[in-house]
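Take a look at the structure below.
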Amino acid sequence: MRRAKRMTLALGTVCLVGALAALGVAGCAPQTTQPAEKDAAPAKADATVPTTFLPAVIELEDGTKVQRTPDETVEQNTLDGGYSYFLQSEETIAEAPYNTTFLHANERGCNSCHEDLASTLNNMQWSHVDLSNGYGIQVTVQMCKDCHTFGYGYMANQHSFGSLIHGIHQDTAQDIDCWSCHVGTDPAEGMQLWDEAKFTQLRGIRAVSDIDAQFSYDQDKITPNDALFDFDWLYYDNDFMRHEKTAENAETDQETFDTWTVTLSGAVQNESTRTLPELVDAFGTENVTATLHCTLDSIGGPLIQNCEYTGIPLKKMLDEAGVASDAAALQILSSDGFVEVMDIKKAETTLIGLQVNGETLPWDQGYPAVLVAPGAAAPAWVKEVSDIVVLTEEEAKAYQEWNGWPKENVGAGNSYLDYYAPGSWPFVTDSTQFVNKPSTAIFDFQNGQIIKVGEPYEFIGYATAYDETIAALEFSMDGGISWKRFDTPNVTNAKWVIWHFTYTPQEETAYVLSVRAITDTGRVSDEPMEVMFNAKSAI
Ligand SMILES: Nc1nc2c(c(=O)[nH]1)N[C@H]1C(S)=C(S)[C@@H](COP(=O)(O)O)O[C@H]1N2
Ligand SMILES: [Mo]
């Protein structure tokens, strides 16, 4: 009898463990089960609480400390209005912390398994555009969704995010289940992603409605040459391959530069074809600092750079050629077949760029010559530029100014134009709402990063709106209920706006900072960038 009973008990335990594992309780983030991490539990913890139920403090390779789940042993004041619930007192919270016991928050979301999503993407069996960056911009699941929802038609359909992610994880991840990535919310909400919904689920986040912060901005930050981006993936072959080089960092050769020609033709009095050295001789070079930003970048994404370029001034070339009075646009062609149309007005400050930050362009930046078009989106920055055709107003009507976005008169049975028609346009939710225009990012900050109570902390990021101009940055610390606006007068759309937001946390608790950008036409970022931080008296 006794033995039999024991057996049942033992079996019961096995079943429970099995069931917990199936529920994903085992998780795949090891931090709460390793002794080393237990020691790192917050000092405020009640000694009687099992450390496995405390939010883990994780030290990243660079020494940054993060705690992705808020402490709950503080007054309840949640982003969704601070309602009270059954675990109200400090005592009951200490016995069964809501965030970790019930939400299992430490082991949910992409970062609980993938410390850095950019490197995860780069280490896949399949190639993905490189999202690693020198800005400390964290790749988030929201960014994935921006592209896999609003990107080119084929991405949203064949490469739909849900199908891809379910498929990949089905194959490789043992210890996760639905709730590792999702939140089971009210019926109307369906299966939201944990990473998108977590700030409304977690307890222990302090809402601040009257933000007391310092704000400043400039346009000075230059992207160094080791942090330049390139897509080099989506359109044609890699740039270096077109020159029969085998590596991205292959040395550029003088002969390519010396023999490269740029042809200026179309609605001009004198058409011409000249080599780059001849163009430099004839028109000299000028410097311009400008932002190159890919229209396919996610909101707050890393596919952006702001550099000083040296190149031949296009305006001087056009003046010499004698542009027709009804000239309206420039069609810019590359030897790789890429073609772009932009408003001729932008030629005022445009260069045939030869150098970036004082160095010869590398292959992946368009060696030997790239069109540098301040205030125009990345598509106008045609690499390996070979031809510039001046279009009359009549001719220009047949094209849209690609420059990143649609115009009304596209389509008409031409496959190139149909492809880029408003309905299928990358990054538009409809023909007027651009997903990433304006965009803003947060530099060098990890979700859950621990900062010091009572000490000012400077958050830094960029804001840009391609051809439009940034008019203001807005910050919220109450989940978007109220926004604090800071205007950014006298900025140019040629360069990104770098914002500095300095906040001094007064309480030992978690906060969420949301930021969005506004343009001079009143456009508002489609979704804010959000980051949680934990203020503690000791780091
Ligand atoms: N010749 C050429 N220039 C180009 C492109 C291209 O595909 N070919 N892509 C444009 C876009 S949309 C971006 S974001 C940048 C970087 O993209 P890429 O690395 O794919 O060329 O180059 C721009 N200039
Ligand atoms: Mo792009």
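Following the order of the structure tokens, first chain is A, next is B, and so on, with residues numbered from 1 inside each chain and ligands from 1 in the order they appear.
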
Residues of chain A within 10 Å of ligand 1: nearest atom pair and distance (Å, one decimal) for each, counting only C-alpha atoms and all ligand atoms, sorted by chain and number, as a Markdown table?
```
| residue | atom | partner | partner_atom_place_in_ligand_line | distance |
| --- | --- | --- | --- | --- |
| A:Val129 | CA | ligand 1 | 20 (O) | 9.1 |
| A:Leu228 | CA | ligand 1 | 16 (C) | 9.9 |
| A:Phe229 | CA | ligand 1 | 16 (C) | 7.2 |
| A:Asp230 | CA | ligand 1 | 19 (O) | 3.7 |
| A:Phe231 | CA | ligand 1 | 19 (O) | 3.5 |
| A:Asp232 | CA | ligand 1 | 19 (O) | 3.6 |
| A:Trp233 | CA | ligand 1 | 20 (O) | 5.6 |
| A:Leu234 | CA | ligand 1 | 20 (O) | 5.7 |
| A:Tyr235 | CA | ligand 1 | 7 (O) | 4.7 |
| A:Tyr236 | CA | ligand 1 | 7 (O) | 5.9 |
| A:Asp237 | CA | ligand 1 | 7 (O) | 8.4 |
| A:Asn238 | CA | ligand 1 | 19 (O) | 7.4 |
| A:Asp239 | CA | ligand 1 | 21 (O) | 7.1 |
| A:Leu292 | CA | ligand 1 | 14 (S) | 7.6 |
| A:His293 | CA | ligand 1 | 14 (S) | 6.3 |
| A:Cys294 | CA | ligand 1 | 14 (S) | 3.8 |
| A:Thr295 | CA | ligand 1 | 12 (S) | 6.5 |
| A:Leu296 | CA | ligand 1 | 14 (S) | 7.2 |
| A:Asp297 | CA | ligand 1 | 14 (S) | 8.1 |
| A:Leu303 | CA | ligand 1 | 14 (S) | 7.2 |
| A:Ile304 | CA | ligand 1 | 14 (S) | 8.1 |
| A:Ile332 | CA | ligand 1 | 1 (N) | 9.4 |
| A:Leu333 | CA | ligand 1 | 1 (N) | 7.4 |
| A:Ser334 | CA | ligand 1 | 1 (N) | 4.8 |
| A:Ser335 | CA | ligand 1 | 1 (N) | 6.8 |
| A:Asp336 | CA | ligand 1 | 1 (N) | 5.5 |
| A:Gly337 | CA | ligand 1 | 1 (N) | 7.0 |
| A:Phe338 | CA | ligand 1 | 8 (N) | 4.9 |
| A:Val339 | CA | ligand 1 | 1 (N) | 7.5 |
| A:Glu340 | CA | ligand 1 | 3 (N) | 8.8 |
| A:Trp363 | CA | ligand 1 | 19 (O) | 9.7 |
| A:Asp364 | CA | ligand 1 | 19 (O) | 6.3 |
| A:Gln365 | CA | ligand 1 | 19 (O) | 7.1 |
| A:Gly366 | CA | ligand 1 | 3 (N) | 6.9 |
| A:Tyr367 | CA | ligand 1 | 1 (N) | 9.9 |
| A:Ala369 | CA | ligand 1 | 1 (N) | 9.8 |
| A:Val370 | CA | ligand 1 | 3 (N) | 7.6 |
| A:Leu371 | CA | ligand 1 | 24 (N) | 8.2 |
| A:Val372 | CA | ligand 1 | 24 (N) | 9.8 |
| A:Ala377 | CA | ligand 1 | 12 (S) | 7.8 |
| A:Ala378 | CA | ligand 1 | 13 (C) | 4.7 |
| A:Pro379 | CA | ligand 1 | 12 (S) | 3.9 |
| A:Ala380 | CA | ligand 1 | 24 (N) | 6.6 |
| A:Trp381 | CA | ligand 1 | 24 (N) | 4.8 |
| A:Val382 | CA | ligand 1 | 3 (N) | 3.8 |
| A:Lys383 | CA | ligand 1 | 3 (N) | 3.7 |
| A:Glu384 | CA | ligand 1 | 1 (N) | 5.4 |
| A:Val385 | CA | ligand 1 | 1 (N) | 6.6 |
| A:Ser386 | CA | ligand 1 | 1 (N) | 9.1 |
| A:Asn403 | CA | ligand 1 | 12 (S) | 9.1 |
| A:Gly404 | CA | ligand 1 | 12 (S) | 7.9 |
```

Compile the contact shell of A:Thr69 as a VMD selection string: residues with an atom at most 10 Å away, counting only C-alpha atoms, same-chain residues fewer than 4 positions apart removed. chain A and resid 54 to 57 99 to 100 104 to 107 198 to 199 202 to 205 447 to 448 510 532 to 534

Would you mind listing what lies within 9 Å of A:Gly480 as a ChimeraX atom specification, with only C-alpha atoms counted and same-chain residues fewer than 5 positions away left out? /A:475,514,528

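The gap separating atom CA of A:Ile460 from atom CA of A:Gln219 is 12.2 Å, in Å to one decimal.
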
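Every protein, DNA or RNA residue with an atom at most 10 Å from A:Phe501, where only C-alpha atoms count and chain neighbours fewer than 3 positions away do not, is listed here: Ala213, Gln214, Phe215, Ser216, Tyr217, Pro456, Tyr457, Glu458, Phe459, Ile460, Gly461, Leu473, Phe475, Phe486 and Val515 of chain A.
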
Can you work out the spacing between atom CA of A:Thr469 and atom CA of A:Val491 in Å, to one decimal? 7.2 Å
